[in-house]
$ cat target-v5.txt   # compact mmCIF, C-alpha atoms
# COMPACT_ATOMS: atom_id res chain seq x y z
CA MET A 846 -187.99 16.18 -67.88
CA ALA A 847 -186.80 19.33 -66.15
CA ALA A 848 -186.72 23.09 -66.48
CA ILE A 849 -183.24 24.64 -66.39
CA VAL A 850 -182.58 28.13 -65.02
CA LEU A 851 -179.39 30.16 -65.20
CA ASP A 852 -179.64 33.05 -62.75
CA ARG A 853 -177.07 35.81 -63.48
CA VAL A 854 -174.41 33.21 -64.23
CA ARG A 855 -170.93 34.56 -64.78
CA LYS A 856 -167.72 32.71 -65.68
CA VAL A 857 -164.31 34.37 -65.58
CA PHE A 858 -161.27 32.20 -66.29
CA SER A 859 -158.02 32.50 -64.34
CA GLY A 860 -156.42 34.71 -66.99
CA GLY A 861 -159.16 37.28 -66.53
CA GLN A 862 -161.14 36.36 -69.66
CA THR A 863 -164.90 36.68 -69.18
CA ALA A 864 -166.43 33.71 -70.98
CA VAL A 865 -170.01 34.20 -69.74
CA ALA A 866 -171.31 37.56 -68.50
CA ASP A 867 -174.31 37.66 -66.14
CA LEU A 868 -176.43 35.26 -68.17
CA ASP A 869 -180.15 35.01 -67.34
CA VAL A 870 -181.88 32.18 -69.23
CA ARG A 871 -184.92 30.09 -68.36
CA ILE A 872 -185.37 26.89 -70.36
CA ALA A 873 -188.87 25.47 -70.07
CA ASN A 874 -189.61 21.88 -69.14
CA GLY A 875 -189.46 19.86 -72.36
CA GLU A 876 -188.12 22.76 -74.45
CA ARG A 877 -185.54 22.46 -77.23
CA LEU A 878 -183.23 25.46 -76.85
CA VAL A 879 -180.26 26.17 -79.12
CA LEU A 880 -177.23 28.23 -78.09
CA VAL A 881 -175.59 29.76 -81.15
CA GLY A 882 -172.84 32.26 -81.78
CA PRO A 883 -169.41 32.67 -83.36
CA SER A 884 -166.28 31.02 -82.01
CA GLY A 885 -165.49 32.38 -78.55
CA SER A 886 -169.04 33.50 -77.84
CA GLY A 887 -169.28 31.33 -74.71
CA LYS A 888 -171.90 28.85 -75.91
CA SER A 889 -169.93 25.68 -75.05
CA THR A 890 -168.92 27.18 -71.71
CA VAL A 891 -172.60 27.70 -70.88
CA LEU A 892 -173.28 24.05 -71.66
CA ARG A 893 -170.38 22.92 -69.47
CA LEU A 894 -171.66 25.12 -66.65
CA ILE A 895 -175.08 23.45 -66.85
CA ALA A 896 -173.44 20.01 -66.93
CA GLY A 897 -171.23 20.82 -63.94
CA LEU A 898 -167.98 20.44 -65.88
CA GLU A 899 -167.21 24.10 -65.10
CA ALA A 900 -168.01 26.02 -61.92
CA PRO A 901 -169.51 29.51 -62.28
CA THR A 902 -167.63 32.48 -60.85
CA SER A 903 -170.97 33.82 -59.64
CA GLY A 904 -174.67 33.18 -60.13
CA ARG A 905 -176.85 30.12 -59.63
CA ILE A 906 -177.98 27.17 -61.76
CA PHE A 907 -181.21 25.24 -61.21
CA VAL A 908 -182.39 21.93 -62.70
CA ASP A 909 -185.99 20.92 -62.01
CA ALA A 910 -186.25 23.70 -59.36
CA ARG A 911 -183.24 22.24 -57.47
CA GLU A 912 -180.12 24.36 -57.21
CA VAL A 913 -177.19 22.40 -58.65
CA THR A 914 -174.55 25.16 -58.70
CA ASP A 915 -172.23 23.24 -56.37
CA ILE A 916 -173.44 19.72 -57.13
CA PRO A 917 -171.01 17.45 -59.08
CA PRO A 918 -171.89 16.40 -62.65
CA GLU A 919 -172.77 12.79 -61.82
CA GLN A 920 -175.49 13.93 -59.43
CA ARG A 921 -177.27 16.29 -61.85
CA ASP A 922 -178.99 13.56 -63.93
CA LEU A 923 -178.04 15.18 -67.24
CA ALA A 924 -176.73 13.44 -70.36
CA MET A 925 -174.17 15.13 -72.59
CA VAL A 926 -173.35 14.37 -76.23
CA PHE A 927 -170.02 15.74 -77.43
CA GLN A 928 -168.64 16.68 -80.84
CA SER A 929 -166.35 13.65 -80.62
CA TYR A 930 -168.19 10.34 -80.44
CA ALA A 931 -166.25 9.22 -77.34
CA LEU A 932 -167.22 5.57 -77.83
CA TYR A 933 -165.34 2.68 -76.23
CA PRO A 934 -163.48 1.23 -79.25
CA HIS A 935 -163.23 -2.30 -77.87
CA LYS A 936 -166.91 -2.58 -76.91
CA THR A 937 -169.80 -3.43 -79.23
CA VAL A 938 -172.61 -0.97 -79.87
CA ARG A 939 -174.76 -2.94 -77.43
CA GLU A 940 -172.06 -2.71 -74.74
CA ASN A 941 -171.51 1.00 -75.39
CA LEU A 942 -175.21 1.67 -74.94
CA ALA A 943 -175.46 -0.46 -71.81
CA PHE A 944 -172.24 0.63 -70.08
CA GLY A 945 -173.62 3.63 -68.18
CA LEU A 946 -176.64 1.69 -66.98
CA ARG A 947 -174.43 -1.11 -65.70
CA MET A 948 -172.33 1.41 -63.77
CA HIS A 949 -175.54 2.58 -62.10
CA ARG A 950 -176.44 -1.06 -61.26
CA VAL A 951 -179.63 -1.09 -63.32
CA ALA A 952 -181.22 -4.54 -63.55
CA ARG A 953 -180.14 -6.65 -66.57
CA ALA A 954 -183.69 -7.04 -67.90
CA GLU A 955 -184.27 -3.28 -67.79
CA ILE A 956 -180.94 -2.62 -69.49
CA ASP A 957 -181.83 -5.02 -72.33
CA GLY A 958 -185.22 -3.37 -72.74
CA ARG A 959 -183.85 0.18 -72.82
CA VAL A 960 -181.02 -0.72 -75.22
CA SER A 961 -183.42 -2.47 -77.58
CA ALA A 962 -185.94 0.40 -77.55
CA THR A 963 -183.23 3.02 -78.09
CA ALA A 964 -181.60 1.07 -80.93
CA ASP A 965 -184.97 0.72 -82.65
CA ALA A 966 -185.70 4.44 -82.29
CA LEU A 967 -182.34 5.38 -83.83
CA GLY A 968 -182.35 2.76 -86.56
CA ILE A 969 -179.23 0.99 -85.29
CA ALA A 970 -180.78 -2.29 -84.12
CA ASP A 971 -178.86 -4.21 -86.79
CA LEU A 972 -175.55 -2.69 -85.61
CA LEU A 973 -175.67 -3.83 -81.98
CA ASP A 974 -172.99 -6.49 -82.37
CA ARG A 975 -170.50 -4.31 -84.27
CA ILE A 976 -167.63 -2.33 -82.76
CA PRO A 977 -167.15 1.41 -83.53
CA ALA A 978 -164.39 0.75 -86.10
CA GLN A 979 -166.97 -1.07 -88.23
CA LEU A 980 -169.36 1.91 -88.29
CA SER A 981 -169.59 5.01 -90.47
CA GLY A 982 -169.40 8.48 -88.96
CA GLY A 983 -173.16 8.87 -89.04
CA GLN A 984 -173.69 5.51 -87.37
CA ARG A 985 -171.18 6.36 -84.63
CA GLN A 986 -172.98 9.62 -83.95
CA ARG A 987 -176.27 7.72 -83.61
CA VAL A 988 -174.64 5.41 -81.08
CA ALA A 989 -173.37 8.45 -79.15
CA LEU A 990 -176.91 9.85 -79.16
CA GLY A 991 -178.25 6.47 -78.09
CA ARG A 992 -175.86 6.25 -75.16
CA ALA A 993 -177.36 9.50 -73.84
CA ILE A 994 -180.97 8.56 -74.59
CA VAL A 995 -180.80 5.14 -72.96
CA ARG A 996 -180.09 6.78 -69.58
CA GLN A 997 -183.48 8.58 -69.62
CA PRO A 998 -182.01 11.72 -68.00
CA GLN A 999 -183.84 14.88 -66.97
CA ALA A 1000 -182.26 16.80 -69.86
CA PHE A 1001 -179.94 16.31 -72.84
CA LEU A 1002 -176.98 18.60 -73.52
CA PHE A 1003 -175.58 18.58 -77.07
CA ASP A 1004 -172.19 20.19 -77.74
CA GLU A 1005 -171.94 20.59 -81.54
CA PRO A 1006 -172.77 16.89 -82.01
CA LEU A 1007 -172.94 17.01 -85.82
CA SER A 1008 -169.74 18.92 -86.62
CA ASN A 1009 -167.87 15.80 -87.75
CA LEU A 1010 -170.53 14.72 -90.26
CA ASP A 1011 -170.70 15.56 -93.94
CA PRO A 1012 -173.45 18.01 -95.06
CA ARG A 1013 -175.93 15.32 -96.13
CA LEU A 1014 -175.58 13.35 -92.89
CA ARG A 1015 -175.81 16.55 -90.86
CA GLY A 1016 -179.16 17.33 -92.42
CA GLU A 1017 -180.47 13.83 -91.81
CA THR A 1018 -179.18 13.58 -88.24
CA ARG A 1019 -180.50 16.97 -87.11
CA ALA A 1020 -183.91 15.94 -88.41
CA GLU A 1021 -183.57 12.79 -86.28
CA VAL A 1022 -182.70 14.91 -83.23
CA VAL A 1023 -185.88 16.96 -83.70
CA ALA A 1024 -187.99 13.82 -84.23
CA LEU A 1025 -186.47 12.22 -81.13
CA HIS A 1026 -187.30 15.27 -79.06
CA ARG A 1027 -190.91 15.11 -80.17
CA ARG A 1028 -191.10 11.47 -79.13
CA LEU A 1029 -189.23 11.80 -75.84
CA GLY A 1030 -190.38 15.25 -74.74
CA THR A 1031 -187.17 15.70 -72.73
CA THR A 1032 -185.56 19.10 -72.27
CA MET A 1033 -182.71 19.64 -74.75
CA VAL A 1034 -179.98 22.29 -74.82
CA TYR A 1035 -178.12 22.22 -78.13
CA VAL A 1036 -174.93 24.13 -78.99
CA THR A 1037 -173.90 24.92 -82.57
CA HIS A 1038 -171.98 27.60 -84.47
CA ASP A 1039 -174.10 26.93 -87.58
CA GLN A 1040 -176.99 29.41 -87.73
CA GLU A 1041 -178.86 27.28 -90.29
CA GLU A 1042 -178.67 24.31 -87.92
CA ALA A 1043 -179.84 26.53 -85.08
CA MET A 1044 -182.86 27.68 -87.10
CA THR A 1045 -183.94 24.14 -87.96
CA VAL A 1046 -183.32 22.54 -84.54
CA GLY A 1047 -184.36 25.19 -82.02
CA GLN A 1048 -187.82 25.99 -80.72
CA ARG A 1049 -186.07 29.02 -79.27
CA ILE A 1050 -182.57 30.27 -79.98
CA ALA A 1051 -180.18 32.15 -77.70
CA VAL A 1052 -177.70 34.21 -79.74
CA LEU A 1053 -174.45 34.83 -77.83
CA ARG A 1054 -171.55 37.17 -78.50
CA ASP A 1055 -168.50 37.57 -76.23
CA GLY A 1056 -170.31 35.75 -73.44
CA ARG A 1057 -173.36 38.01 -73.54
CA LEU A 1058 -176.90 37.22 -74.62
CA GLU A 1059 -177.78 39.31 -77.67
CA GLN A 1060 -181.29 37.94 -78.17
CA LEU A 1061 -183.44 34.99 -77.07
CA ALA A 1062 -186.40 34.31 -79.34
CA THR A 1063 -188.04 31.90 -81.77
CA PRO A 1064 -186.29 31.30 -85.12
CA LEU A 1065 -188.93 33.35 -86.98
CA GLU A 1066 -188.65 36.30 -84.59
CA LEU A 1067 -184.85 36.31 -84.86
CA TYR A 1068 -185.12 36.33 -88.63
CA GLU A 1069 -187.84 38.96 -88.95
CA ARG A 1070 -187.18 41.16 -85.90
CA PRO A 1071 -183.50 40.92 -84.92
CA ALA A 1072 -182.70 42.95 -81.81
CA ASN A 1073 -179.59 44.50 -83.34
CA THR A 1074 -177.31 44.49 -86.37
CA PHE A 1075 -175.21 41.62 -84.98
CA VAL A 1076 -178.21 39.28 -84.86
CA ALA A 1077 -179.43 40.64 -88.20
CA ARG A 1078 -176.17 39.67 -89.88
CA PHE A 1079 -175.56 36.43 -87.97
CA ILE A 1080 -179.01 34.91 -88.50
CA GLY A 1081 -180.10 34.26 -92.08
CA SER A 1082 -178.36 32.95 -95.18
CA PRO A 1083 -177.42 35.05 -97.05
CA PRO A 1084 -177.19 37.56 -94.17
CA MET A 1085 -179.21 40.75 -94.01
CA ASN A 1086 -178.13 43.70 -96.16
CA LEU A 1087 -177.25 46.76 -94.06
CA LEU A 1088 -177.00 50.15 -95.71
CA LYS A 1089 -175.65 53.13 -93.81
CA GLY A 1090 -177.36 56.41 -94.45
CA ARG A 1091 -179.35 59.41 -93.32
CA VAL A 1092 -183.10 59.20 -92.82
CA THR A 1093 -185.52 62.14 -92.62
CA ARG A 1094 -189.31 62.47 -92.52
CA GLU A 1095 -191.41 65.17 -94.12
CA SER A 1096 -195.22 65.14 -94.06
CA GLY A 1097 -195.47 61.35 -93.71
CA THR A 1098 -192.87 60.60 -96.40
CA VAL A 1099 -189.55 59.13 -95.31
CA ARG A 1100 -186.41 59.80 -97.33
CA ILE A 1101 -183.51 57.35 -97.01
CA GLU A 1102 -180.26 58.77 -98.38
CA THR A 1103 -177.68 56.04 -98.89
CA CYS A 1104 -174.78 55.52 -101.28
CA GLY A 1105 -175.53 58.83 -102.98
CA GLN A 1106 -179.07 57.69 -103.86
CA ILE A 1107 -182.51 58.25 -102.32
CA ILE A 1108 -185.30 55.83 -101.39
CA THR A 1109 -188.69 57.26 -100.46
CA ILE A 1110 -191.28 55.35 -98.46
CA ASP A 1111 -194.71 56.13 -97.05
CA ALA A 1112 -194.55 55.94 -93.26
CA VAL A 1113 -197.41 58.15 -92.12
CA GLU A 1114 -198.32 56.09 -89.04
CA SER A 1115 -194.87 54.83 -88.11
CA GLN A 1116 -193.69 55.49 -84.54
CA ILE A 1117 -190.01 55.09 -85.45
CA LEU A 1118 -187.76 57.99 -84.46
CA PHE A 1119 -186.27 58.30 -87.95
CA GLU A 1120 -183.83 61.03 -86.88
CA ALA A 1121 -181.98 58.33 -84.85
CA VAL A 1122 -181.62 55.92 -87.79
CA ARG A 1123 -178.07 55.23 -88.92
CA ALA A 1124 -178.57 52.01 -90.91
CA VAL A 1125 -181.34 50.38 -92.91
CA GLY A 1126 -181.62 46.60 -93.15
CA ILE A 1127 -183.41 44.30 -95.56
CA ARG A 1128 -183.20 40.56 -96.20
CA PRO A 1129 -181.87 39.40 -99.61
CA HIS A 1130 -185.20 37.60 -100.21
CA ASP A 1131 -187.01 40.95 -99.89
CA VAL A 1132 -185.01 42.66 -102.65
CA SER A 1133 -185.76 42.16 -106.35
CA LEU A 1134 -183.96 43.13 -109.54
CA THR A 1135 -185.77 45.60 -111.78
CA ASP A 1136 -185.33 48.20 -114.52
CA PRO A 1137 -182.77 50.79 -113.31
CA GLN A 1138 -185.06 53.63 -114.39
CA HIS A 1139 -187.83 52.51 -112.02
CA ALA A 1140 -185.71 51.31 -109.12
CA ASP A 1141 -185.05 52.29 -105.52
CA LEU A 1142 -181.31 51.95 -106.01
CA ARG A 1143 -179.05 51.27 -108.98
CA GLY A 1144 -175.79 49.37 -109.29
CA ARG A 1145 -173.64 46.88 -111.20
CA LEU A 1146 -174.15 43.10 -111.08
CA ASP A 1147 -170.74 41.78 -110.05
CA VAL A 1148 -171.14 38.15 -108.97
CA ILE A 1149 -173.71 35.41 -109.64
CA GLU A 1150 -173.86 32.31 -107.43
CA PRO A 1151 -176.09 29.58 -108.94
CA LEU A 1152 -177.48 27.30 -106.22
CA GLY A 1153 -179.85 25.20 -108.31
CA HIS A 1154 -183.05 26.23 -106.48
CA ALA A 1155 -182.09 29.94 -106.71
CA GLN A 1156 -179.35 32.38 -107.70
CA ILE A 1157 -177.50 34.75 -105.40
CA ALA A 1158 -176.80 38.08 -107.12
CA HIS A 1159 -174.21 40.50 -105.71
CA VAL A 1160 -174.86 44.07 -106.80
CA THR A 1161 -172.33 46.84 -106.16
CA LEU A 1162 -173.87 50.26 -105.74
CA ASP A 1163 -172.31 53.47 -106.99
CA ALA A 1164 -170.69 54.07 -103.59
CA ASP A 1165 -168.93 50.68 -103.60
CA VAL A 1166 -171.45 49.12 -101.22
CA ARG A 1167 -172.66 45.60 -102.07
CA VAL A 1168 -176.26 44.38 -101.85
CA VAL A 1169 -177.09 40.67 -102.04
CA VAL A 1170 -180.29 39.53 -103.75
CA VAL A 1171 -181.92 36.09 -103.97
CA VAL A 1172 -183.20 35.59 -107.52
CA ARG A 1173 -185.23 32.80 -109.13
CA THR A 1174 -183.19 30.30 -111.12
CA GLU A 1175 -184.92 31.07 -114.43
CA THR A 1176 -184.20 34.82 -114.18
CA PRO A 1177 -181.59 35.75 -116.84
CA LEU A 1178 -178.57 37.49 -115.29
CA SER A 1179 -175.47 38.99 -116.84
CA VAL A 1180 -172.30 39.93 -114.99
CA ASP A 1181 -171.26 43.62 -115.31
CA SER A 1182 -174.77 44.68 -116.35
CA ARG A 1183 -176.46 47.72 -114.79
CA VAL A 1184 -179.45 46.70 -112.68
CA GLY A 1185 -182.02 48.29 -110.42
CA LEU A 1186 -183.00 47.18 -106.94
CA ALA A 1187 -186.56 47.30 -105.61
CA PHE A 1188 -187.11 46.93 -101.85
CA ALA A 1189 -190.20 45.47 -100.18
CA ARG A 1190 -191.17 48.56 -98.18
CA ASN A 1191 -192.86 46.67 -95.33
CA ARG A 1192 -189.73 44.56 -94.78
CA LEU A 1193 -187.30 47.40 -94.11
CA LEU A 1194 -185.73 47.53 -90.64
CA PHE A 1195 -184.07 50.53 -89.03
CA PHE A 1196 -181.13 50.60 -86.60
CA ASP A 1197 -179.55 53.35 -84.50
CA ASP A 1198 -175.87 54.22 -84.14
CA ALA A 1199 -175.47 51.53 -81.41
CA GLY A 1200 -176.85 48.91 -83.79
CA ARG A 1201 -180.18 48.49 -81.97
CA ARG A 1202 -183.36 47.95 -83.96
CA LEU A 1203 -185.80 50.85 -83.78
CA ASP A 1204 -189.54 50.12 -83.55
$ encode --input "target-v5.txt" --output "structure tokens"
Amino acid sequence: MAAIVLDRVRKVFSGGQTAVADLDVRIANGERLVLVGPSGSGKSTVLRLIAGLEAPTSGRIFVDAREVTDIPPEQRDLAMVFQSYALYPHKTVRENLAFGLRMHRVARAEIDGRVSATADALGIADLLDRIPAQLSGGQRQRVALGRAIVRQPQAFLFDEPLSNLDPRLRGETRAEVVALHRRLGTTMVYVTHDQEEAMTVGQRIAVLRDGRLEQLATPLELYERPANTFVARFIGSPPMNLLKGRVTRESGTVRIETCGQIITIDAVESQILFEAVRAVGIRPHDVSLTDPQHADLRGRLDVIEPLGHAQIAHVTLDADVRVVVVVRTETPLSVDSRVGLAFARNRLLFFDDAGRRLD
């Protein structure tokens, strides 16, 4: 196991594109950290910098307190799992798992023991004599995971390893990754563009945008206290509702004017500088449908998405702004009906004109 530190790491490609901008991240020994962000956010570049597959333009990288900035990949004792399985097609599963150990001249008895233990842990012991062409996509991904695990490295680096799997297998395999981490206790850095996957896999999550770190926090903190509107919209499914408006306070009562309507809340002891608020955010799970006459806001129900365990209701307000609401399956809904929206007052978040959350 090893702690990994990125100290003001910057990566600028030859064309002048800044892929990673002065990144400061400290990954604890044995931690499971997820890097998440949209396409082009720099998350895979960060992983390649840690692995040594890319050289930073500036900054330093440490693994287990040893600076590895200029050390080649094969000397960093890190194992990487890619989106593609990258298995040797002519070798059996057993030979694929053992190949790296043989290259490092590990004793035959130790190789057999590690391969057997890894295959048992991943549930592929009965596949050891098959070649990759005889395996399903999920089985191939387990072999790719096993090839990394069998090396017993200081840390694992995962570059969108589940992208090629169907939704059911993705759910199963990411649960296996979490269970494996608990058993092995080895540091893991995991890259994904899927925020739901990030929330379920990561102990902490680093949200990246255009090579910059927007927020580094636990999944719950990202969900409940996003640092800015980008994180608020990127984390959570459905994403947070953001309503632009003007906010004023008079004698402990706060008035939110948005979409030609007014919400009043009691905020006597709040330290928020409400005069700086330019947007109000609330999660779809914290909004409920109610009688329009006793509602915070009113609008028209435009779209209903039945999900089985819940319904997603899209309500267009009078100013053509849409609010998304998560509704129980048994709640009767009718498209084009007038509905009211009630907000959980203690779940409202406030953002300034730069998109930063105000406390």
$ residues_around --input "target-v5.txt" --residues "Ile994 of chain A" --least-positions-apart "4" --cutoff "12 Å" --atoms "only C-alpha atoms" --output "PyMOL selection string"
chain A and resi 922-926+942-943+945-946+959-967+987-990+998-1003+1022+1025-1026+1028-1033
$ atom_distance --input "target-v5.txt" --atom1 "atom CA of Val913 of chain A" --atom2 "atom CA of Gly875 of chain A"
18.6 Å
$ residues_near_point --input "target-v5.txt" --point "(-170.0, 7.2, -83.3)" --cutoff "12 Å" --atoms "only C-alpha atoms" --output "short mmCIF file (atom, residue, chain, number, x, y, z; two decimals) with C-alpha atoms, in the coordinates of the input"
data_model
loop_
_atom_site.label_atom_id
_atom_site.label_comp_id
_atom_site.auth_asym_id
_atom_site.auth_seq_id
_atom_site.Cartn_x
_atom_site.Cartn_y
_atom_site.Cartn_z
CA VAL A 926 -173.35 14.37 -76.23
CA PHE A 927 -170.02 15.74 -77.43
CA GLN A 928 -168.64 16.68 -80.84
CA SER A 929 -166.35 13.65 -80.62
CA TYR A 930 -168.19 10.34 -80.44
CA ALA A 931 -166.25 9.22 -77.34
CA LEU A 932 -167.22 5.57 -77.83
CA TYR A 933 -165.34 2.68 -76.23
CA PRO A 934 -163.48 1.23 -79.25
CA THR A 937 -169.80 -3.43 -79.23
CA VAL A 938 -172.61 -0.97 -79.87
CA ASN A 941 -171.51 1.00 -75.39
CA LEU A 942 -175.21 1.67 -74.94
CA ILE A 969 -179.23 0.99 -85.29
CA LEU A 972 -175.55 -2.69 -85.61
CA ARG A 975 -170.50 -4.31 -84.27
CA ILE A 976 -167.63 -2.33 -82.76
CA PRO A 977 -167.15 1.41 -83.53
CA ALA A 978 -164.39 0.75 -86.10
CA GLN A 979 -166.97 -1.07 -88.23
CA LEU A 980 -169.36 1.91 -88.29
CA SER A 981 -169.59 5.01 -90.47
CA GLY A 982 -169.40 8.48 -88.96
CA GLY A 983 -173.16 8.87 -89.04
CA GLN A 984 -173.69 5.51 -87.37
CA ARG A 985 -171.18 6.36 -84.63
CA GLN A 986 -172.98 9.62 -83.95
CA ARG A 987 -176.27 7.72 -83.61
CA VAL A 988 -174.64 5.41 -81.08
CA ALA A 989 -173.37 8.45 -79.15
CA LEU A 990 -176.91 9.85 -79.16
CA GLY A 991 -178.25 6.47 -78.09
CA ARG A 992 -175.86 6.25 -75.16
CA PRO A 1006 -172.77 16.89 -82.01
CA LEU A 1007 -172.94 17.01 -85.82
CA ASN A 1009 -167.87 15.80 -87.75
CA LEU A 1010 -170.53 14.72 -90.26
#
$ closest_residue --input "target-v5.txt" --among "A:Ser1082, A:Thr902, A:Ser859, A:Ser1133" --to "Glu1041 of chain A" --atoms "all atoms listed in the file"
A:Ser1082
$ residues_around --input "target-v5.txt" --residues "Arg1192 of chain A" --least-positions-apart "5" --cutoff "8 Å" --atoms "all atoms listed in the file" --output "list of chain:residue names"
A:Ile1127, A:Arg1128, A:Asp1131
$ write_last_selection --input "target-v5.txt" --atoms "C-alpha atoms" --output "CSV table (one decimal), in the coordinates of the input"
chain,number,residue,atom,x,y,z
A,1127,ILE,CA,-183.4,44.3,-95.6
A,1128,ARG,CA,-183.2,40.6,-96.2
A,1131,ASP,CA,-187.0,41.0,-99.9
$ residues_around --input "target-v5.txt" --residues "segment 1101-1105 of chain A" --least-positions-apart "5" --cutoff "7 Å" --atoms "all atoms listed in the file" --output "PyMOL selection string"
chain A and resi 1088-1093+1162-1164
$ atom_distance --input "target-v5.txt" --atom1 "atom CA of Ala1199 of chain A" --atom2 "atom CA of Asp1141 of chain A"
26.0 Å
$ closest_residue --input "target-v5.txt" --among "A:Ala1024, A:Ile1080, A:Ala1062, A:Ala1189" --to "Ile1108 of chain A" --atoms "only C-alpha atoms"
A:Ala1189
$ atom_distance --input "target-v5.txt" --atom1 "atom CA of Gln1106 of chain A" --atom2 "atom CA of Thr1135 of chain A"
15.9 Å
$ residues_near_point --input "target-v5.txt" --point "(-187.9, 27.7, -80.8)" --cutoff "6 Å" --atoms "only C-alpha atoms" --output "list in words"
Gly1047, Gln1048, Arg1049, Ile1050, Thr1063 and Pro1064 of chain A
$ residues_around --input "target-v5.txt" --residues "Glu1175 of chain A" --least-positions-apart "4" --cutoff "10 Å" --atoms "only C-alpha atoms" --output "PyMOL selection string"
chain A and resi 1153-1156
$ axis_aligned_box --input "target-v5.txt" --around "segment 1181-1190 of chain A" --padding-each-side "8 Å" --output "lines of an AutoDock Vina configuration file"
center_x = -181.2
center_y = 46.1
center_z = -107.3
size_x = 35.9
size_y = 20.9
size_z = 34.2
$ decode --input "target-v5.txt" --residues "segment 984-1002 of chain A" --atoms "C-alpha atoms" --output "PDB file, in the first residue's frame"
ATOM      1  CA  GLN A 984     -15.410 -12.376 -17.543  1.00  0.00           C
ATOM      2  CA  ARG A 985     -12.707 -10.668 -19.613  1.00  0.00           C
ATOM      3  CA  GLN A 986     -12.900  -7.609 -17.390  1.00  0.00           C
ATOM      4  CA  ARG A 987     -12.456  -9.810 -14.317  1.00  0.00           C
ATOM      5  CA  VAL A 988      -9.361 -11.338 -15.890  1.00  0.00           C
ATOM      6  CA  ALA A 989      -8.012  -7.829 -16.585  1.00  0.00           C
ATOM      7  CA  LEU A 990      -8.640  -6.946 -12.936  1.00  0.00           C
ATOM      8  CA  GLY A 991      -6.996 -10.183 -11.864  1.00  0.00           C
ATOM      9  CA  ARG A 992      -3.887  -9.493 -13.913  1.00  0.00           C
ATOM     10  CA  ALA A 993      -3.428  -6.269 -11.924  1.00  0.00           C
ATOM     11  CA  ILE A 994      -4.278  -7.808  -8.546  1.00  0.00           C
ATOM     12  CA  VAL A 995      -1.950 -10.781  -8.900  1.00  0.00           C
ATOM     13  CA  ARG A 996       1.049  -8.426  -9.033  1.00  0.00           C
ATOM     14  CA  GLN A 997       0.324  -7.130  -5.501  1.00  0.00           C
ATOM     15  CA  PRO A 998       1.366  -3.564  -6.416  1.00  0.00           C
ATOM     16  CA  GLN A 999       1.533  -0.531  -4.141  1.00  0.00           C
ATOM     17  CA  ALA A1000      -1.549   0.961  -5.823  1.00  0.00           C
ATOM     18  CA  PHE A1001      -4.135   0.197  -8.504  1.00  0.00           C
ATOM     19  CA  LEU A1002      -5.016   2.676 -11.256  1.00  0.00           C
TER      20      LEU A1002
END
